[in-house]
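Raw work_39.cif, mmCIF, C-alpha atoms:
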```cif
data_query
loop_
_atom_site.group_PDB
_atom_site.id
_atom_site.type_symbol
_atom_site.label_atom_id
_atom_site.label_comp_id
_atom_site.auth_asym_id
_atom_site.auth_seq_id
_atom_site.Cartn_x
_atom_site.Cartn_y
_atom_site.Cartn_z
ATOM 1 C CA MET A 1 -6.361 -6.580 31.389
ATOM 2 C CA SER A 2 -7.266 -9.055 34.131
ATOM 3 C CA GLU A 3 -3.784 -9.606 35.573
ATOM 4 C CA LEU A 4 -3.685 -9.286 39.350
ATOM 5 C CA VAL A 5 -1.013 -6.849 40.517
ATOM 6 C CA LEU A 6 -0.472 -6.525 44.263
ATOM 7 C CA HIS A 7 1.361 -3.478 45.593
ATOM 8 C CA HIS A 8 2.653 -4.470 49.042
ATOM 9 C CA TYR A 9 5.677 -4.896 51.299
ATOM 10 C CA ASP A 10 6.962 -7.833 53.300
ATOM 11 C CA PHE A 11 6.036 -7.027 56.916
ATOM 12 C CA SER A 12 2.656 -5.455 56.155
ATOM 13 C CA ASN A 13 0.128 -7.566 58.027
ATOM 14 C CA TYR A 14 -2.725 -6.442 55.786
ATOM 15 C CA SER A 15 -0.639 -7.422 52.772
ATOM 16 C CA GLU A 16 -0.163 -10.847 54.350
ATOM 17 C CA LYS A 17 -3.946 -11.094 54.673
ATOM 18 C CA VAL A 18 -4.284 -10.709 50.891
ATOM 19 C CA ARG A 19 -1.259 -12.888 50.109
ATOM 20 C CA VAL A 20 -2.840 -15.782 52.022
ATOM 21 C CA ALA A 21 -6.148 -15.190 50.214
ATOM 22 C CA LEU A 22 -4.262 -15.493 46.910
ATOM 23 C CA GLY A 23 -2.789 -18.750 48.189
ATOM 24 C CA PHE A 24 -6.190 -20.040 49.291
ATOM 25 C CA LYS A 25 -7.486 -19.409 45.776
ATOM 26 C CA SER A 26 -4.271 -20.714 44.112
ATOM 27 C CA LEU A 27 -3.995 -17.567 41.990
ATOM 28 C CA ASP A 28 -1.157 -16.195 39.880
ATOM 29 C CA TRP A 29 -0.233 -12.577 40.541
ATOM 30 C CA SER A 30 2.394 -9.930 39.946
ATOM 31 C CA SER A 31 4.234 -8.456 42.917
ATOM 32 C CA VAL A 32 5.188 -4.787 43.165
ATOM 33 C CA THR A 33 7.145 -4.041 46.337
ATOM 34 C CA MET A 34 6.355 -0.592 47.668
ATOM 35 C CA PRO A 35 8.306 1.283 50.354
ATOM 36 C CA PRO A 36 6.806 0.937 53.846
ATOM 37 C CA VAL A 37 7.012 4.695 54.508
ATOM 38 C CA ALA A 38 6.262 7.872 52.572
ATOM 39 C CA PRO A 39 6.927 9.188 50.025
ATOM 40 C CA LYS A 40 5.330 6.623 47.724
ATOM 41 C CA PRO A 41 5.108 8.468 44.396
ATOM 42 C CA ASP A 42 4.648 5.339 42.284
ATOM 43 C CA LEU A 43 1.712 4.131 44.362
ATOM 44 C CA THR A 44 0.011 7.521 44.628
ATOM 45 C CA ALA A 45 0.326 7.926 40.847
ATOM 46 C CA LEU A 46 -2.193 5.077 40.682
ATOM 47 C CA THR A 47 -4.369 5.879 43.701
ATOM 48 C CA GLY A 48 -4.609 9.660 43.583
ATOM 49 C CA GLY A 49 -3.069 9.984 47.042
ATOM 50 C CA TYR A 50 -4.000 6.864 49.011
ATOM 51 C CA ARG A 51 -0.768 5.294 50.305
ATOM 52 C CA ARG A 52 -1.614 2.368 52.564
ATOM 53 C CA ALA A 53 -0.643 -1.219 51.820
ATOM 54 C CA PRO A 54 -1.803 -3.275 50.128
ATOM 55 C CA VAL A 55 -3.377 -2.052 46.896
ATOM 56 C CA LEU A 56 -4.678 -4.406 44.221
ATOM 57 C CA GLN A 57 -4.427 -3.289 40.610
ATOM 58 C CA ILE A 58 -6.312 -4.915 37.761
ATOM 59 C CA GLY A 59 -5.566 -2.963 34.600
ATOM 60 C CA ALA A 60 -6.711 0.610 35.203
ATOM 61 C CA ASP A 61 -8.892 -0.328 38.189
ATOM 62 C CA ILE A 62 -7.244 0.218 41.564
ATOM 63 C CA TYR A 63 -8.675 -1.415 44.711
ATOM 64 C CA CYS A 64 -7.841 -0.003 48.135
ATOM 65 C CA ASP A 65 -8.305 -1.601 51.583
ATOM 66 C CA THR A 66 -8.418 -5.341 52.155
ATOM 67 C CA ARG A 67 -12.156 -5.343 52.857
ATOM 68 C CA LEU A 68 -12.767 -4.442 49.226
ATOM 69 C CA ILE A 69 -9.750 -6.250 47.768
ATOM 70 C CA LEU A 70 -11.033 -9.580 49.112
ATOM 71 C CA ARG A 71 -14.514 -8.927 47.740
ATOM 72 C CA GLU A 72 -13.108 -8.140 44.312
ATOM 73 C CA LEU A 73 -10.914 -11.239 44.320
ATOM 74 C CA ASP A 74 -13.974 -13.308 45.186
ATOM 75 C CA ARG A 75 -16.071 -11.625 42.497
ATOM 76 C CA ARG A 76 -13.517 -12.396 39.799
ATOM 77 C CA HIS A 77 -12.422 -15.782 41.169
ATOM 78 C CA PRO A 78 -15.434 -17.091 43.109
ATOM 79 C CA THR A 79 -14.184 -20.641 43.757
ATOM 80 C CA PRO A 80 -13.276 -21.365 46.482
ATOM 81 C CA THR A 81 -15.223 -18.542 48.068
ATOM 82 C CA LEU A 82 -14.166 -16.316 50.951
ATOM 83 C CA PHE A 83 -17.820 -15.468 51.651
ATOM 84 C CA PRO A 84 -19.789 -18.715 52.056
ATOM 85 C CA ALA A 85 -23.530 -18.358 52.416
ATOM 86 C CA GLY A 86 -24.912 -18.413 55.933
ATOM 87 C CA VAL A 87 -21.780 -17.301 57.802
ATOM 88 C CA THR A 88 -20.715 -14.081 56.056
ATOM 89 C CA GLY A 89 -22.402 -11.856 58.641
ATOM 90 C CA ILE A 90 -20.690 -13.466 61.622
ATOM 91 C CA ALA A 91 -17.409 -13.660 59.686
ATOM 92 C CA ASN A 92 -17.487 -9.914 59.045
ATOM 93 C CA ALA A 93 -18.299 -9.279 62.704
ATOM 94 C CA VAL A 94 -15.340 -11.386 63.840
ATOM 95 C CA ALA A 95 -13.134 -9.605 61.303
ATOM 96 C CA ALA A 96 -14.183 -6.222 62.709
ATOM 97 C CA TRP A 97 -13.029 -7.331 66.174
ATOM 98 C CA ALA A 98 -9.792 -8.852 64.852
ATOM 99 C CA GLU A 99 -8.857 -5.737 62.911
ATOM 100 C CA GLY A 100 -9.937 -3.417 65.723
ATOM 101 C CA PRO A 101 -9.305 -4.184 69.409
ATOM 102 C CA LEU A 102 -7.262 -7.318 68.760
ATOM 103 C CA PHE A 103 -4.879 -5.940 66.172
ATOM 104 C CA ARG A 104 -4.384 -2.604 67.877
ATOM 105 C CA SER A 105 -3.112 -4.324 71.017
ATOM 106 C CA VAL A 106 -1.011 -6.763 68.967
ATOM 107 C CA MET A 107 0.511 -3.914 66.947
ATOM 108 C CA LEU A 108 1.564 -1.919 70.009
ATOM 109 C CA TYR A 109 2.924 -5.008 71.768
ATOM 110 C CA ALA A 110 4.867 -6.265 68.740
ATOM 111 C CA TRP A 111 6.158 -2.862 67.629
ATOM 112 C CA GLY A 112 7.355 -1.957 71.097
ATOM 113 C CA THR A 113 9.010 -5.341 71.578
ATOM 114 C CA ASN A 114 10.693 -5.333 68.168
ATOM 115 C CA HIS A 115 11.417 -1.633 67.676
ATOM 116 C CA ASP A 116 15.115 -2.366 67.130
ATOM 117 C CA VAL A 117 14.396 -4.571 64.089
ATOM 118 C CA MET A 118 11.791 -2.278 62.518
ATOM 119 C CA PRO A 119 12.737 0.341 59.900
ATOM 120 C CA LYS A 120 13.984 3.427 61.728
ATOM 121 C CA GLU A 121 11.693 5.707 59.714
ATOM 122 C CA LEU A 122 8.545 3.700 60.502
ATOM 123 C CA PHE A 123 7.588 5.308 63.812
ATOM 124 C CA GLU A 124 8.084 8.813 62.439
ATOM 125 C CA ASP A 125 6.040 7.996 59.334
ATOM 126 C CA ARG A 126 3.106 6.551 61.272
ATOM 127 C CA ALA A 127 3.135 9.418 63.771
ATOM 128 C CA LEU A 128 3.039 11.992 60.977
ATOM 129 C CA MET A 129 0.206 10.093 59.276
ATOM 130 C CA ARG A 130 -1.794 10.382 62.506
ATOM 131 C CA GLY A 131 -0.815 13.999 63.141
ATOM 132 C CA LEU A 132 1.032 13.050 66.348
ATOM 133 C CA ALA A 133 4.468 13.694 67.772
ATOM 134 C CA VAL A 134 7.153 11.136 66.956
ATOM 135 C CA PRO A 135 7.294 8.703 69.910
ATOM 136 C CA SER A 136 10.459 8.018 71.857
ATOM 137 C CA VAL A 137 11.852 4.518 72.271
ATOM 138 C CA ARG A 138 10.771 4.603 75.893
ATOM 139 C CA SER A 139 7.203 5.516 74.958
ATOM 140 C CA VAL A 140 6.833 2.633 72.489
ATOM 141 C CA GLU A 141 8.228 0.272 75.130
ATOM 142 C CA ARG A 142 5.660 1.564 77.649
ATOM 143 C CA ALA A 143 2.904 1.091 75.065
ATOM 144 C CA ALA A 144 4.058 -2.504 74.572
ATOM 145 C CA ALA A 145 3.912 -3.147 78.318
ATOM 146 C CA ARG A 146 0.371 -1.729 78.505
ATOM 147 C CA SER A 147 -0.766 -3.751 75.501
ATOM 148 C CA ALA A 148 0.694 -7.146 76.452
ATOM 149 C CA PRO A 149 -2.124 -7.962 78.921
ATOM 150 C CA LEU A 150 -4.710 -6.977 76.301
ATOM 151 C CA VAL A 151 -3.199 -9.412 73.816
ATOM 152 C CA ARG A 152 -3.125 -12.207 76.383
ATOM 153 C CA SER A 153 -6.740 -11.537 77.377
ATOM 154 C CA GLN A 154 -7.978 -11.812 73.764
ATOM 155 C CA MET A 155 -5.987 -14.791 72.476
ATOM 156 C CA PRO A 156 -8.177 -17.178 74.540
ATOM 157 C CA TYR A 157 -11.165 -15.991 72.481
ATOM 158 C CA ILE A 158 -9.569 -17.555 69.397
ATOM 159 C CA GLU A 159 -8.767 -20.790 71.214
ATOM 160 C CA ASP A 160 -12.386 -20.924 72.369
ATOM 161 C CA MET A 161 -13.720 -20.322 68.830
ATOM 162 C CA LEU A 162 -11.817 -23.441 67.776
ATOM 163 C CA GLY A 163 -12.749 -25.364 70.915
ATOM 164 C CA ASP A 164 -15.344 -27.668 69.330
ATOM 165 C CA GLY A 165 -12.821 -29.058 66.863
ATOM 166 C CA ARG A 166 -13.913 -26.961 63.898
ATOM 167 C CA PRO A 167 -11.147 -26.386 61.326
ATOM 168 C CA TRP A 168 -11.922 -22.697 60.767
ATOM 169 C CA ILE A 169 -13.035 -19.737 62.838
ATOM 170 C CA CYS A 170 -16.671 -19.822 61.694
ATOM 171 C CA GLY A 171 -17.051 -23.588 61.373
ATOM 172 C CA HIS A 172 -16.362 -25.928 58.479
ATOM 173 C CA ASN A 173 -16.005 -23.148 55.903
ATOM 174 C CA PHE A 174 -12.976 -20.906 55.477
ATOM 175 C CA THR A 175 -13.995 -17.224 55.575
ATOM 176 C CA VAL A 176 -12.624 -13.692 55.774
ATOM 177 C CA ALA A 177 -12.684 -14.132 59.555
ATOM 178 C CA ASP A 178 -9.789 -16.579 59.276
ATOM 179 C CA LEU A 179 -7.788 -14.077 57.248
ATOM 180 C CA ALA A 180 -8.507 -11.231 59.658
ATOM 181 C CA VAL A 181 -7.586 -13.183 62.795
ATOM 182 C CA PHE A 182 -4.520 -14.682 61.109
ATOM 183 C CA HIS A 183 -3.043 -11.356 60.029
ATOM 184 C CA ALA A 184 -3.139 -10.138 63.630
ATOM 185 C CA MET A 185 -1.574 -13.295 65.058
ATOM 186 C CA TRP A 186 1.024 -13.395 62.245
ATOM 187 C CA PHE A 187 2.199 -9.912 63.195
ATOM 188 C CA LEU A 188 3.172 -11.072 66.684
ATOM 189 C CA THR A 189 6.129 -13.093 65.391
ATOM 190 C CA ASP A 190 6.812 -11.880 61.844
ATOM 191 C CA ARG A 191 9.738 -9.578 62.703
ATOM 192 C CA SER A 192 11.293 -11.778 65.386
ATOM 193 C CA PRO A 193 10.484 -14.874 67.490
ATOM 194 C CA ARG A 194 10.586 -12.888 70.739
ATOM 195 C CA LEU A 195 6.838 -13.197 71.317
ATOM 196 C CA SER A 196 6.445 -16.806 70.188
ATOM 197 C CA HIS A 197 5.972 -17.859 73.815
ATOM 198 C CA GLU A 198 2.561 -16.176 73.787
ATOM 199 C CA PHE A 199 1.279 -19.132 71.733
ATOM 200 C CA ASP A 200 2.558 -21.815 74.120
ATOM 201 C CA ARG A 201 -0.723 -22.396 75.962
ATOM 202 C CA PHE A 202 -2.962 -22.396 72.869
ATOM 203 C CA GLU A 203 -2.741 -25.742 71.080
ATOM 204 C CA ARG A 204 -5.754 -25.267 68.804
ATOM 205 C CA LEU A 205 -4.604 -21.781 67.822
ATOM 206 C CA ARG A 206 -1.137 -23.091 66.911
ATOM 207 C CA MET A 207 -2.622 -25.884 64.769
ATOM 208 C CA TRP A 208 -4.941 -23.413 63.041
ATOM 209 C CA MET A 209 -1.993 -21.108 62.316
ATOM 210 C CA GLU A 210 -0.206 -23.988 60.610
ATOM 211 C CA ARG A 211 -3.256 -24.716 58.444
ATOM 212 C CA MET A 212 -3.310 -21.052 57.452
ATOM 213 C CA ARG A 213 0.386 -21.037 56.555
ATOM 214 C CA ASP A 214 -0.088 -24.166 54.454
ATOM 215 C CA PHE A 215 -2.073 -22.137 51.886
ATOM 216 C CA GLY A 216 1.061 -20.287 50.869
ATOM 217 C CA HIS A 217 0.784 -17.170 48.706
ATOM 218 C CA GLY A 218 -0.099 -18.523 45.283
ATOM 219 C CA GLN A 219 2.292 -18.037 42.361
ATOM 220 C CA SER A 220 3.851 -14.588 42.074
ATOM 221 C CA ARG A 221 6.291 -12.933 39.732
ATOM 222 C CA PRO A 222 8.090 -9.640 40.335
ATOM 223 C CA MET A 223 6.956 -6.488 38.563
ATOM 224 C CA THR A 224 8.418 -3.003 38.794
ATOM 225 C CA ALA A 225 6.323 -0.012 39.765
ATOM 226 C CA ASP A 226 6.977 1.549 36.349
ATOM 227 C CA GLU A 227 5.675 -1.591 34.652
ATOM 228 C CA ALA A 228 2.517 -1.505 36.781
ATOM 229 C CA ILE A 229 1.923 2.156 35.927
ATOM 230 C CA GLU A 230 2.360 1.321 32.240
ATOM 231 C CA VAL A 231 -0.237 -1.455 32.589
ATOM 232 C CA ALA A 232 -2.697 1.137 33.898
ATOM 233 C CA ARG A 233 -1.789 3.666 31.209
ATOM 234 C CA VAL A 234 -2.491 1.291 28.302
ATOM 235 C CA SER A 235 -5.662 -0.131 29.910
ATOM 236 C CA SER A 236 -9.181 1.201 30.258
ATOM 237 C CA PRO A 237 -11.218 0.987 33.472
ATOM 238 C CA MET A 238 -13.946 -1.625 33.399
ATOM 239 C CA ALA A 239 -17.517 -0.519 32.847
ATOM 240 C CA SER A 240 -19.225 0.321 36.135
ATOM 241 C CA ARG A 241 -22.147 -1.724 37.334
ATOM 242 C CA THR A 242 -25.356 0.030 38.343
ATOM 243 C CA SER A 243 -25.049 2.235 41.418
ATOM 244 C CA VAL A 244 -27.443 2.046 44.365
ATOM 245 C CA ARG A 245 -27.346 5.446 46.071
ATOM 246 C CA GLN A 246 -28.519 6.296 49.551
ATOM 247 C CA PRO A 247 -30.552 9.548 49.801
ATOM 248 C CA GLU A 248 -27.625 11.304 51.487
ATOM 249 C CA ASP A 249 -25.026 10.302 48.872
ATOM 250 C CA PRO A 250 -23.507 12.786 46.403
ATOM 251 C CA GLU A 251 -24.705 12.676 42.812
ATOM 252 C CA LEU A 252 -22.970 10.375 40.363
ATOM 253 C CA GLY A 253 -20.477 12.317 38.300
ATOM 254 C CA SER A 254 -19.979 14.972 40.958
ATOM 255 C CA LEU A 255 -16.557 15.924 42.303
ATOM 256 C CA VAL A 256 -16.031 14.218 45.669
ATOM 257 C CA GLU A 257 -13.291 13.399 48.118
ATOM 258 C CA ILE A 258 -12.827 10.245 50.144
ATOM 259 C CA ARG A 259 -10.530 9.379 53.014
ATOM 260 C CA ALA A 260 -10.161 6.633 55.589
ATOM 261 C CA ALA A 261 -12.408 7.219 58.585
ATOM 262 C CA ASP A 262 -9.760 6.490 61.206
ATOM 263 C CA TYR A 263 -6.506 8.410 61.476
ATOM 264 C CA ALA A 264 -5.412 8.890 57.861
ATOM 265 C CA LYS A 265 -5.310 12.472 56.632
ATOM 266 C CA ASP A 266 -4.759 11.943 52.901
ATOM 267 C CA ALA A 267 -7.864 12.394 50.735
ATOM 268 C CA VAL A 268 -8.452 11.193 47.178
ATOM 269 C CA VAL A 269 -10.409 13.594 44.960
ATOM 270 C CA GLY A 270 -12.215 12.492 41.821
ATOM 271 C CA CYS A 271 -15.557 12.132 40.062
ATOM 272 C CA LEU A 272 -17.999 9.718 41.690
ATOM 273 C CA GLN A 273 -18.227 6.763 39.313
ATOM 274 C CA LEU A 274 -19.971 4.119 41.423
ATOM 275 C CA ILE A 275 -21.588 3.849 44.824
ATOM 276 C CA ASP A 276 -23.551 1.083 46.526
ATOM 277 C CA ASP A 277 -23.735 -0.589 49.927
ATOM 278 C CA ASP A 278 -20.272 -2.151 49.591
ATOM 279 C CA GLU A 279 -18.210 0.093 47.343
ATOM 280 C CA ILE A 280 -17.355 3.649 46.321
ATOM 281 C CA ALA A 281 -15.361 4.278 43.126
ATOM 282 C CA LEU A 282 -13.830 7.520 41.882
ATOM 283 C CA SER A 283 -12.487 8.244 38.417
ATOM 284 C CA ILE A 284 -9.292 10.282 38.381
ATOM 285 C CA ARG A 285 -6.820 11.487 35.789
ATOM 286 C CA SER A 286 -3.209 10.638 36.608
ATOM 287 C CA GLU A 287 -0.328 12.321 34.820
ATOM 288 C CA ARG A 288 1.647 9.057 34.755
ATOM 289 C CA ALA A 289 -1.084 6.391 34.720
ATOM 290 C CA GLY A 290 -3.763 8.077 32.630
ATOM 291 C CA ASP A 291 -7.445 7.531 33.389
ATOM 292 C CA VAL A 292 -7.959 5.178 36.312
ATOM 293 C CA VAL A 293 -10.822 4.284 38.642
ATOM 294 C CA VAL A 294 -9.927 3.989 42.334
ATOM 295 C CA HIS A 295 -12.218 1.750 44.410
ATOM 296 C CA PHE A 296 -12.831 1.881 48.184
ATOM 297 C CA PRO A 297 -15.095 -0.027 50.569
ATOM 298 C CA ARG A 298 -18.127 1.899 51.832
ATOM 299 C CA ILE A 299 -17.510 0.936 55.473
ATOM 300 C CA GLY A 300 -14.408 2.550 56.932
ATOM 301 C CA PHE A 301 -14.278 5.528 54.584
ATOM 302 C CA ASP A 302 -15.797 9.012 54.648
ATOM 303 C CA LEU A 303 -17.195 10.475 51.437
ATOM 304 C CA LYS A 304 -18.232 14.082 50.857
ATOM 305 C CA SER A 305 -18.477 16.687 48.120
ATOM 306 C CA ALA A 306 -15.085 18.113 47.291
ATOM 307 C CA ARG A 307 -16.606 21.578 47.476
ATOM 308 C CA GLN A 308 -18.056 21.045 50.954
ATOM 309 C CA THR A 309 -16.383 23.039 53.767
#
```
Let me see whether you can do it: turn the structure in this file into structure tokens.
Amino acid sequence: MSELVLHHYDFSNYSEKVRVALGFKSLDWSSVTMPPVAPKPDLTALTGGYRRAPVLQIGADIYCDTRLILRELDRRHPTPTLFPAGVTGIANAVAAWAEGPLFRSVMLYAWGTNHDVMPKELFEDRALMRGLAVPSVRSVERAAARSAPLVRSQMPYIEDMLGDGRPWICGHNFTVADLAVFHAMWFLTDRSPRLSHEFDRFERLRMWMERMRDFGHGQSRPMTADEAIEVARVSSPMASRTSVRQPEDPELGSLVEIRAADYAKDAVVGCLQLIDDDEIALSIRSERAGDVVVHFPRIGFDLKSARQT
């Protein structure tokens, strides 16, 4: 099956990144709304334990992390491309900044400012995911105050990138850099308009944000989690392309575990199905979904033998 199924929730900024990509490509897709906090048994039945949003499902192939989701969308639907020749390197570099220093400061500023309109369980869930103590209201407000100057010091970078009149971050071509910068800026005002004043002095940034919003989200239809699991159960994973292993990589077919390289603690364990410079894929057996292959980007994830101590 080639139907695109996106597992996401409304205020997930990374989900918005993929939703806009679907709009840019004018794609049809099915929408499964997942809970924003654990437990997420329907999602982990497909992923083997990975629980972040979003996740893209295509039959019995499950794609985790937006870096890989966007690549897979472009592979299957190459026109218009998210990775135009000649600017992909700089676009990925800009995206790394936008999803690192920029978004971290935006997240702390926006969360602390809007804590009263966020789900009450969210702060506890994210603290537990990081292995930290649950923060007090006062501590998230202090974090917002510390982060506000960092947001204001980085927003001029975006205005400057657009300073020569270019329509998109990397020039005349839309790229993943636009999606990465947009999802950070979108998060500032998604839950409330309290921080909309931060855009007042950035005319080019505001115009660019409007062009981004004009893409919409493509055409979606609702799907239940049970329906998505049934899609996986009656499907077969696609045949893997040829792997390109590095000397240090585990052997194909060996039992491995993979986890996000930042703060996430949950690991996915399975047999190594595919590995190359961009992607790592594990085959797993799910009690509810049957045989699935779970795909991750190479960058941003740690892979090791499941028997390694």
Shortest interatomic distance to A:Phe103 - which of A:Arg285, A:Ser147, A:Asp61, A:Leu70, counting all atoms listed in the file:
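Closest to A:Phe103, using all atoms listed in the file: A:Ser147.
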Applied to this file, what does the PyMOL selection byres ((chain A and resi 78-83) around 8) return in terms of residues, put as a ChimeraX atom specification?
/A:24-25,70,73-77,84-85,87-88,174-176
Dump of C-alpha atoms for the selected residues, as a compact mmCIF listing (two decimals), keeping the file's coordinate frame:
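Contents of the output file out-v2.txt:
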```txt
# COMPACT_ATOMS: atom_id res chain seq x y z
CA PHE A 24 -6.19 -20.04 49.29
CA LYS A 25 -7.49 -19.41 45.78
CA LEU A 70 -11.03 -9.58 49.11
CA LEU A 73 -10.91 -11.24 44.32
CA ASP A 74 -13.97 -13.31 45.19
CA ARG A 75 -16.07 -11.62 42.50
CA ARG A 76 -13.52 -12.40 39.80
CA HIS A 77 -12.42 -15.78 41.17
CA PRO A 84 -19.79 -18.72 52.06
CA ALA A 85 -23.53 -18.36 52.42
CA VAL A 87 -21.78 -17.30 57.80
CA THR A 88 -20.72 -14.08 56.06
CA PHE A 174 -12.98 -20.91 55.48
CA THR A 175 -14.00 -17.22 55.58
CA VAL A 176 -12.62 -13.69 55.77
```
Picked residues, the PyMOL selection byres ((chain A and resi 269) around 8), as a ChimeraX atom specification
/A:48,255-258,267-268,270-271,282,284,306
Using all atoms listed in the file, which residues sit within 10 Å of A:Ser136 once same-chain residues fewer than 5 positions away are excluded, as a short mmCIF file (atom, residue, chain, number, x, y, z; two decimals) with C-alpha atoms, keeping the file's coordinate frame?
```
data_model
loop_
_atom_site.label_atom_id
_atom_site.label_comp_id
_atom_site.auth_asym_id
_atom_site.auth_seq_id
_atom_site.Cartn_x
_atom_site.Cartn_y
_atom_site.Cartn_z
CA PHE A 123 7.59 5.31 63.81
CA GLU A 124 8.08 8.81 62.44
CA GLU A 141 8.23 0.27 75.13
CA ARG A 142 5.66 1.56 77.65
#
```
Residues at most 6 Å from stretch 228-239 of chain A, counting all atoms listed in the file, excluding those fewer than 6 positions away in the same chain, as a ChimeraX atom specification?
/A:59-61,289-290
Can you spell out as number ranges by chain the set of residues that the PyMOL selection byres ((chain A and resi 209-222) around 9) selects in the structure I just provided?
A: 16, 18-33, 167, 178-179, 182, 185-186, 204-208, 223-224
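Here atom CA of A:Arg201 stands at a distance of 16.5 Å from atom CA of A:Gly165.
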